[in-house]
>>> print(open('start10.pdb').read())   # PDB, C-alpha atoms
ATOM      1  CA  MET E 153     -22.939  -4.683  -7.622  1.00  0.00           C
ATOM      2  CA  ASP E 154     -25.337  -7.321  -8.890  1.00  0.00           C
ATOM      3  CA  TYR E 155     -24.400 -10.940  -9.478  1.00  0.00           C
ATOM      4  CA  GLU E 156     -24.639 -10.816 -13.292  1.00  0.00           C
ATOM      5  CA  THR E 157     -22.103  -7.984 -13.378  1.00  0.00           C
ATOM      6  CA  TYR E 158     -19.308  -9.651 -11.436  1.00  0.00           C
ATOM      7  CA  ALA E 159     -20.018 -13.387 -11.891  1.00  0.00           C
ATOM      8  CA  PRO E 160     -17.967 -13.922 -15.095  1.00  0.00           C
ATOM      9  CA  LEU E 161     -14.927 -12.098 -13.698  1.00  0.00           C
ATOM     10  CA  ALA E 162     -15.283 -13.792 -10.316  1.00  0.00           C
ATOM     11  CA  SER E 163     -15.492 -17.186 -12.018  1.00  0.00           C
ATOM     12  CA  TRP E 164     -12.297 -16.419 -13.916  1.00  0.00           C
ATOM     13  CA  PHE E 165     -10.415 -15.398 -10.748  1.00  0.00           C
ATOM     14  CA  GLU E 166     -11.710 -18.458  -8.898  1.00  0.00           C
ATOM     15  CA  ALA E 167     -10.525 -20.807 -11.662  1.00  0.00           C
ATOM     16  CA  THR E 168      -6.945 -19.482 -11.736  1.00  0.00           C
ATOM     17  CA  TRP E 169      -3.972 -21.470 -10.502  1.00  0.00           C
ATOM     18  CA  MET E 170      -3.600 -18.965  -7.656  1.00  0.00           C
ATOM     19  CA  GLY E 171      -7.218 -19.460  -6.606  1.00  0.00           C
ATOM     20  CA  GLU E 172      -6.744 -23.207  -6.445  1.00  0.00           C
ATOM     21  CA  GLN E 173      -3.520 -22.879  -4.458  1.00  0.00           C
ATOM     22  CA  MET E 174      -5.034 -20.390  -2.016  1.00  0.00           C
ATOM     23  CA  ARG E 175      -7.955 -22.729  -1.318  1.00  0.00           C
ATOM     24  CA  ASN E 176      -5.985 -26.002  -1.228  1.00  0.00           C
ATOM     25  CA  ILE E 177      -2.819 -25.147   0.712  1.00  0.00           C
ATOM     26  CA  PHE E 178      -4.034 -24.592   4.259  1.00  0.00           C
ATOM     27  CA  TRP E 179      -1.181 -22.291   5.331  1.00  0.00           C
ATOM     28  CA  LEU E 180      -1.109 -20.115   2.193  1.00  0.00           C
ATOM     29  CA  PHE E 181      -3.966 -17.746   3.088  1.00  0.00           C
ATOM     30  CA  PRO E 182      -2.565 -16.892   6.556  1.00  0.00           C
ATOM     31  CA  ALA E 183       0.914 -16.541   5.041  1.00  0.00           C
ATOM     32  CA  MET E 184      -0.471 -14.070   2.479  1.00  0.00           C
ATOM     33  CA  GLU E 185      -2.219 -12.182   5.281  1.00  0.00           C
ATOM     34  CA  THR E 186       1.146 -11.831   7.017  1.00  0.00           C
ATOM     35  CA  VAL E 187       2.833 -10.670   3.803  1.00  0.00           C
ATOM     36  CA  HIS E 188      -0.046  -8.249   3.154  1.00  0.00           C
ATOM     37  CA  PHE E 189       0.232  -6.794   6.660  1.00  0.00           C
ATOM     38  CA  ILE E 190       4.013  -6.378   6.427  1.00  0.00           C
ATOM     39  CA  GLY E 191       3.679  -4.768   2.982  1.00  0.00           C
ATOM     40  CA  LEU E 192       1.000  -2.420   4.280  1.00  0.00           C
ATOM     41  CA  THR E 193       3.118  -1.466   7.282  1.00  0.00           C
ATOM     42  CA  ILE E 194       6.162  -0.712   5.135  1.00  0.00           C
ATOM     43  CA  MET E 195       4.115   1.189   2.535  1.00  0.00           C
ATOM     44  CA  PHE E 196       2.184   3.286   5.047  1.00  0.00           C
ATOM     45  CA  GLY E 197       5.312   3.954   7.108  1.00  0.00           C
ATOM     46  CA  SER E 198       7.172   5.116   4.009  1.00  0.00           C
ATOM     47  CA  LEU E 199       4.284   7.338   2.966  1.00  0.00           C
ATOM     48  CA  LEU E 200       4.104   8.812   6.468  1.00  0.00           C
ATOM     49  CA  VAL E 201       7.772   9.828   6.341  1.00  0.00           C
ATOM     50  CA  ILE E 202       7.213  11.533   2.984  1.00  0.00           C
ATOM     51  CA  ASP E 203       3.819  13.072   3.750  1.00  0.00           C
ATOM     52  CA  VAL E 204       4.662  14.292   7.250  1.00  0.00           C
ATOM     53  CA  ARG E 205       7.751  16.028   5.834  1.00  0.00           C
ATOM     54  CA  VAL E 206       5.787  17.580   2.971  1.00  0.00           C
ATOM     55  CA  ILE E 207       2.998  18.773   5.283  1.00  0.00           C
ATOM     56  CA  GLY E 208       5.634  20.463   7.420  1.00  0.00           C
ATOM     57  CA  PHE E 209       5.393  18.563  10.701  1.00  0.00           C
ATOM     58  CA  GLY E 210       8.766  16.950  10.071  1.00  0.00           C
ATOM     59  CA  ARG E 211      10.820  19.846   8.773  1.00  0.00           C
ATOM     60  CA  PHE E 212      13.836  18.392  10.563  1.00  0.00           C
ATOM     61  CA  ILE E 213      13.758  15.584   7.950  1.00  0.00           C
ATOM     62  CA  ASN E 214      15.770  16.314   4.818  1.00  0.00           C
ATOM     63  CA  MET E 215      13.304  16.418   1.897  1.00  0.00           C
ATOM     64  CA  ARG E 216      15.553  14.512  -0.508  1.00  0.00           C
ATOM     65  CA  ALA E 217      16.068  11.826   2.142  1.00  0.00           C
ATOM     66  CA  ALA E 218      12.294  11.580   2.687  1.00  0.00           C
ATOM     67  CA  LEU E 219      11.658  11.287  -1.057  1.00  0.00           C
ATOM     68  CA  LYS E 220      14.043   8.312  -1.192  1.00  0.00           C
ATOM     69  CA  PHE E 221      11.232   6.354   0.469  1.00  0.00           C
ATOM     70  CA  ILE E 222       9.153   6.552  -2.741  1.00  0.00           C
ATOM     71  CA  PRO E 223      10.674   3.365  -4.265  1.00  0.00           C
ATOM     72  CA  VAL E 224      10.184   1.597  -0.925  1.00  0.00           C
ATOM     73  CA  ALA E 225       6.499   2.591  -0.901  1.00  0.00           C
ATOM     74  CA  ILE E 226       6.091   1.434  -4.521  1.00  0.00           C
ATOM     75  CA  ALA E 227       7.736  -1.927  -3.799  1.00  0.00           C
ATOM     76  CA  ALA E 228       5.570  -2.442  -0.706  1.00  0.00           C
ATOM     77  CA  PHE E 229       2.453  -1.488  -2.679  1.00  0.00           C
ATOM     78  CA  THR E 230       3.414  -4.100  -5.286  1.00  0.00           C
ATOM     79  CA  VAL E 231       3.678  -6.738  -2.552  1.00  0.00           C
ATOM     80  CA  ASN E 232       0.210  -5.742  -1.340  1.00  0.00           C
ATOM     81  CA  LEU E 233      -1.197  -5.758  -4.850  1.00  0.00           C
ATOM     82  CA  LEU E 234       0.039  -9.305  -5.444  1.00  0.00           C
ATOM     83  CA  SER E 235      -1.099 -10.624  -2.062  1.00  0.00           C
ATOM     84  CA  GLY E 236      -4.435  -8.840  -2.521  1.00  0.00           C
ATOM     85  CA  ILE E 237      -4.915 -10.544  -5.883  1.00  0.00           C
ATOM     86  CA  ALA E 238      -4.215 -13.854  -4.142  1.00  0.00           C
ATOM     87  CA  PHE E 239      -7.020 -13.118  -1.627  1.00  0.00           C
ATOM     88  CA  LEU E 240      -9.368 -12.211  -4.456  1.00  0.00           C
ATOM     89  CA  CYS E 241      -8.561 -15.446  -6.295  1.00  0.00           C
ATOM     90  CA  ALA E 242      -9.225 -17.455  -3.136  1.00  0.00           C
ATOM     91  CA  ASP E 243     -12.862 -16.327  -2.823  1.00  0.00           C
ATOM     92  CA  PRO E 244     -13.918 -13.787  -5.460  1.00  0.00           C
ATOM     93  CA  PHE E 245     -17.629 -14.368  -4.864  1.00  0.00           C
ATOM     94  CA  ARG E 246     -17.093 -13.097  -1.323  1.00  0.00           C
ATOM     95  CA  TYR E 247     -15.047 -10.040  -2.281  1.00  0.00           C
ATOM     96  CA  PHE E 248     -16.744  -8.607  -5.380  1.00  0.00           C
ATOM     97  CA  PRO E 249     -20.178  -7.972  -3.798  1.00  0.00           C
ATOM     98  CA  ASN E 250     -18.671  -6.749  -0.506  1.00  0.00           C
ATOM     99  CA  ILE E 251     -19.264  -2.997  -0.140  1.00  0.00           C
ATOM    100  CA  ALA E 252     -16.171  -2.513   2.048  1.00  0.00           C
ATOM    101  CA  PHE E 253     -14.051  -4.193  -0.651  1.00  0.00           C
ATOM    102  CA  GLN E 254     -15.634  -2.014  -3.353  1.00  0.00           C
ATOM    103  CA  TRP E 255     -14.928   1.173  -1.391  1.00  0.00           C
ATOM    104  CA  LYS E 256     -11.398   0.011  -0.632  1.00  0.00           C
ATOM    105  CA  MET E 257     -10.676  -0.591  -4.327  1.00  0.00           C
ATOM    106  CA  GLY E 258     -12.185   2.740  -5.335  1.00  0.00           C
ATOM    107  CA  LEU E 259     -10.097   4.576  -2.776  1.00  0.00           C
ATOM    108  CA  ILE E 260      -6.943   2.782  -3.902  1.00  0.00           C
ATOM    109  CA  VAL E 261      -7.598   4.089  -7.417  1.00  0.00           C
ATOM    110  CA  ILE E 262      -8.028   7.597  -5.983  1.00  0.00           C
ATOM    111  CA  ALA E 263      -4.815   7.152  -3.955  1.00  0.00           C
ATOM    112  CA  GLY E 264      -3.047   6.180  -7.184  1.00  0.00           C
ATOM    113  CA  LEU E 265      -4.304   9.305  -8.930  1.00  0.00           C
ATOM    114  CA  ASN E 266      -3.176  11.353  -5.931  1.00  0.00           C
ATOM    115  CA  ALA E 267       0.276   9.725  -6.157  1.00  0.00           C
ATOM    116  CA  LEU E 268       0.465  10.574  -9.873  1.00  0.00           C
ATOM    117  CA  TRP E 269      -0.492  14.167  -9.062  1.00  0.00           C
ATOM    118  CA  PHE E 270       2.326  14.214  -6.498  1.00  0.00           C
ATOM    119  CA  TRP E 271       4.875  12.675  -8.864  1.00  0.00           C
ATOM    120  CA  PHE E 272       4.109  14.743 -11.950  1.00  0.00           C
ATOM    121  CA  GLY E 273       3.012  17.930 -10.200  1.00  0.00           C
ATOM    122  CA  GLU E 274       5.177  18.421  -7.134  1.00  0.00           C
ATOM    123  CA  HIS E 275       8.025  15.912  -6.925  1.00  0.00           C
ATOM    124  CA  LYS E 276      10.665  17.911  -8.818  1.00  0.00           C
ATOM    125  CA  GLU E 277      10.012  21.122  -6.879  1.00  0.00           C
ATOM    126  CA  LEU E 278      10.127  19.247  -3.581  1.00  0.00           C
ATOM    127  CA  GLN E 279      13.551  17.809  -4.407  1.00  0.00           C
ATOM    128  CA  GLN E 280      14.883  21.356  -4.680  1.00  0.00           C
ATOM    129  CA  LEU E 281      13.790  22.416  -1.188  1.00  0.00           C
ATOM    130  CA  ALA E 282      16.515  23.328   1.275  1.00  0.00           C
ATOM    131  CA  ASP E 283      16.625  21.731   4.703  1.00  0.00           C
ATOM    132  CA  GLY E 284      13.696  22.968   6.787  1.00  0.00           C
ATOM    133  CA  GLU E 285      12.119  24.833   3.866  1.00  0.00           C
ATOM    134  CA  ASP E 286       8.325  24.671   3.623  1.00  0.00           C
ATOM    135  CA  ALA E 287       6.565  22.946   0.717  1.00  0.00           C
ATOM    136  CA  GLU E 288       3.974  24.630  -1.469  1.00  0.00           C
ATOM    137  CA  PHE E 289       0.337  24.482  -0.344  1.00  0.00           C
ATOM    138  CA  ARG E 290      -0.585  22.146  -3.260  1.00  0.00           C
ATOM    139  CA  ALA E 291       2.013  19.633  -2.127  1.00  0.00           C
ATOM    140  CA  LYS E 292       0.682  19.814   1.434  1.00  0.00           C
ATOM    141  CA  VAL E 293      -2.850  19.093   0.178  1.00  0.00           C
ATOM    142  CA  ILE E 294      -1.618  16.085  -1.783  1.00  0.00           C
ATOM    143  CA  ALA E 295       0.287  14.772   1.256  1.00  0.00           C
ATOM    144  CA  ALA E 296      -2.688  15.252   3.610  1.00  0.00           C
ATOM    145  CA  LEU E 297      -4.985  13.522   1.115  1.00  0.00           C
ATOM    146  CA  SER E 298      -2.504  10.655   0.885  1.00  0.00           C
ATOM    147  CA  ILE E 299      -2.580  10.052   4.631  1.00  0.00           C
ATOM    148  CA  ALA E 300      -6.361  10.398   4.841  1.00  0.00           C
ATOM    149  CA  ILE E 301      -7.069   8.113   1.883  1.00  0.00           C
ATOM    150  CA  TRP E 302      -4.734   5.362   3.081  1.00  0.00           C
ATOM    151  CA  VAL E 303      -6.146   5.451   6.603  1.00  0.00           C
ATOM    152  CA  VAL E 304      -9.641   4.954   5.171  1.00  0.00           C
ATOM    153  CA  VAL E 305      -8.350   2.180   2.858  1.00  0.00           C
ATOM    154  CA  ILE E 306      -6.961   0.403   5.914  1.00  0.00           C
ATOM    155  CA  VAL E 307     -10.267   0.797   7.768  1.00  0.00           C
ATOM    156  CA  PHE E 308     -12.272  -0.588   4.845  1.00  0.00           C
ATOM    157  CA  GLY E 309      -9.802  -3.442   4.473  1.00  0.00           C
ATOM    158  CA  ARG E 310     -10.367  -4.385   8.106  1.00  0.00           C
ATOM    159  CA  MET E 311     -14.132  -4.174   7.582  1.00  0.00           C
ATOM    160  CA  ILE E 312     -14.214  -6.698   4.711  1.00  0.00           C
ATOM    161  CA  PRO E 313     -14.630  -9.812   6.917  1.00  0.00           C
ATOM    162  CA  TYR E 314     -17.408  -8.173   8.919  1.00  0.00           C
ATOM    163  CA  VAL E 315     -19.560  -6.570   6.225  1.00  0.00           C
ATOM    164  CA  GLU E 316     -22.461  -8.504   4.773  1.00  0.00           C
ATOM    165  CA  TYR E 317     -23.132  -8.522   1.059  1.00  0.00           C
TER     166      TYR E 317
END
>>> encode(input="start10.pdb", output="structure tokens")
Amino acid sequence: MDYETYAPLASWFEATWMGEQMRNIFWLFPAMETVHFIGLTIMFGSLLVIDVRVIGFGRFINMRAALKFIPVAIAAFTVNLLSGIAFLCADPFRYFPNIAFQWKMGLIVIAGLNALWFWFGEHKELQQLADGEDAEFRAKVIAALSIAIWVVVIVFGRMIPYVEY
């Protein structure tokens, strides 16, 4: 991404109230990192319960009970979205040109589309499964993609501080 493409948006993020707070309150960035990590842990853990059950490795888990983790995953994702926006506001000229950040954002969009596919395509059928019953192949593909995409998102997120522009 070249400078002319992202500079106006980066300037806007940098000038926000959140950007100023993130740069001026010395403890705010590490606090947001902690919140981001906790949100990620809760979100990924919730998705693992759901996805492992759907894939069939956790057939001992009641499907309806596993699906009750969906609101937990959504809430944790929201926490990560807000803390992630705070990071972006703190130093947008560092994030926008960073290839690891760009890949991470692209994969999060793909993960969102995968989640919509799950919700609108498989969720209702999965709720009807009896204890121990196997999910359809499509649902297993969606669940496996979910795990794979989020693992790669986590890896790219960890790479952001170490990747040059």
>>> atom_distance(input="start10.pdb", atom1="atom CA of Asn214 of chain E", atom2="atom CA of Leu281 of chain E")
8.8 Å
>>> residues_around(input="start10.pdb", residues="Phe253 of chain E", least_positions_apart="5", cutoff="8 Å", atoms="only C-alpha atoms", output="list in words")
Tyr247, Phe248, Phe308, Gly309 and Ile312 of chain E
>>> resolve_selection(input="start10.pdb", expression="the PyMOL selection byres ((chain E and resi 244) around 10)", output="ChimeraX atom specification")
/E:158-159,161-167,171,237-243,245-250
>>> write_last_selection(input="start10.pdb", atoms="C-alpha atoms", output="PDB file, keeping the file's coordinate frame")
ATOM      1  CA  TYR E 158     -19.308  -9.651 -11.436  1.00  0.00           C
ATOM      2  CA  ALA E 159     -20.018 -13.387 -11.891  1.00  0.00           C
ATOM      3  CA  LEU E 161     -14.927 -12.098 -13.698  1.00  0.00           C
ATOM      4  CA  ALA E 162     -15.283 -13.792 -10.316  1.00  0.00           C
ATOM      5  CA  SER E 163     -15.492 -17.186 -12.018  1.00  0.00           C
ATOM      6  CA  TRP E 164     -12.297 -16.419 -13.916  1.00  0.00           C
ATOM      7  CA  PHE E 165     -10.415 -15.398 -10.748  1.00  0.00           C
ATOM      8  CA  GLU E 166     -11.710 -18.458  -8.898  1.00  0.00           C
ATOM      9  CA  ALA E 167     -10.525 -20.807 -11.662  1.00  0.00           C
ATOM     10  CA  GLY E 171      -7.218 -19.460  -6.606  1.00  0.00           C
ATOM     11  CA  ILE E 237      -4.915 -10.544  -5.883  1.00  0.00           C
ATOM     12  CA  ALA E 238      -4.215 -13.854  -4.142  1.00  0.00           C
ATOM     13  CA  PHE E 239      -7.020 -13.118  -1.627  1.00  0.00           C
ATOM     14  CA  LEU E 240      -9.368 -12.211  -4.456  1.00  0.00           C
ATOM     15  CA  CYS E 241      -8.561 -15.446  -6.295  1.00  0.00           C
ATOM     16  CA  ALA E 242      -9.225 -17.455  -3.136  1.00  0.00           C
ATOM     17  CA  ASP E 243     -12.862 -16.327  -2.823  1.00  0.00           C
ATOM     18  CA  PHE E 245     -17.629 -14.368  -4.864  1.00  0.00           C
ATOM     19  CA  ARG E 246     -17.093 -13.097  -1.323  1.00  0.00           C
ATOM     20  CA  TYR E 247     -15.047 -10.040  -2.281  1.00  0.00           C
ATOM     21  CA  PHE E 248     -16.744  -8.607  -5.380  1.00  0.00           C
ATOM     22  CA  PRO E 249     -20.178  -7.972  -3.798  1.00  0.00           C
ATOM     23  CA  ASN E 250     -18.671  -6.749  -0.506  1.00  0.00           C
TER      24      ASN E 250
END
>>> atom_distance(input="start10.pdb", atom1="atom CA of Val305 of chain E", atom2="atom CA of Gly210 of chain E")
23.7 Å
>>> closest_residue(input="start10.pdb", among="E:Phe229, E:Trp302, E:Phe178, E:Phe270", to="Arg290 of chain E", atoms="all atoms listed in the file")
E:Phe270
>>> resolve_selection(input="start10.pdb", expression="the PyMOL selection byres ((chain E and resi 274) around 12)", output="short mmCIF file (atom, residue, chain, number, x, y, z; two decimals) with C-alpha atoms, in the frame of the given file")
data_model
loop_
_atom_site.label_atom_id
_atom_site.label_comp_id
_atom_site.auth_asym_id
_atom_site.auth_seq_id
_atom_site.Cartn_x
_atom_site.Cartn_y
_atom_site.Cartn_z
CA VAL E 206 5.79 17.58 2.97
CA LEU E 219 11.66 11.29 -1.06
CA ASN E 266 -3.18 11.35 -5.93
CA ALA E 267 0.28 9.72 -6.16
CA LEU E 268 0.46 10.57 -9.87
CA TRP E 269 -0.49 14.17 -9.06
CA PHE E 270 2.33 14.21 -6.50
CA TRP E 271 4.88 12.68 -8.86
CA PHE E 272 4.11 14.74 -11.95
CA GLY E 273 3.01 17.93 -10.20
CA HIS E 275 8.02 15.91 -6.92
CA LYS E 276 10.66 17.91 -8.82
CA GLU E 277 10.01 21.12 -6.88
CA LEU E 278 10.13 19.25 -3.58
CA GLN E 279 13.55 17.81 -4.41
CA GLN E 280 14.88 21.36 -4.68
CA LEU E 281 13.79 22.42 -1.19
CA ALA E 287 6.56 22.95 0.72
CA GLU E 288 3.97 24.63 -1.47
CA PHE E 289 0.34 24.48 -0.34
CA ARG E 290 -0.58 22.15 -3.26
CA ALA E 291 2.01 19.63 -2.13
CA LYS E 292 0.68 19.81 1.43
CA VAL E 293 -2.85 19.09 0.18
CA ILE E 294 -1.62 16.08 -1.78
CA ALA E 295 0.29 14.77 1.26
#
>>> closest_residue(input="start10.pdb", among="E:Leu199, E:Leu180, E:Val204, E:Val304", to="Ile260 of chain E", atoms="all atoms listed in the file")
E:Val304
>>> residues_around(input="start10.pdb", residues="Ser198 of chain E", least_positions_apart="2", cutoff="7 Å", atoms="only C-alpha atoms", output="count of residues only")
9
>>> atom_distance(input="start10.pdb", atom1="atom CA of Met184 of chain E", atom2="atom CA of Ser235 of chain E")
5.7 Å
>>> residues_near_point(input="start10.pdb", point="(3.4, -10.3, -3.6)", cutoff="12 Å", atoms="all atoms listed in the file", output="list in words")
Met170, Ala183, Met184, Glu185, Thr186, Val187, His188, Phe189, Ile190, Gly191, Leu192, Ala227, Ala228, Phe229, Thr230, Val231, Asn232, Leu233, Leu234, Ser235, Gly236, Ile237, Ala238 and Phe239 of chain E
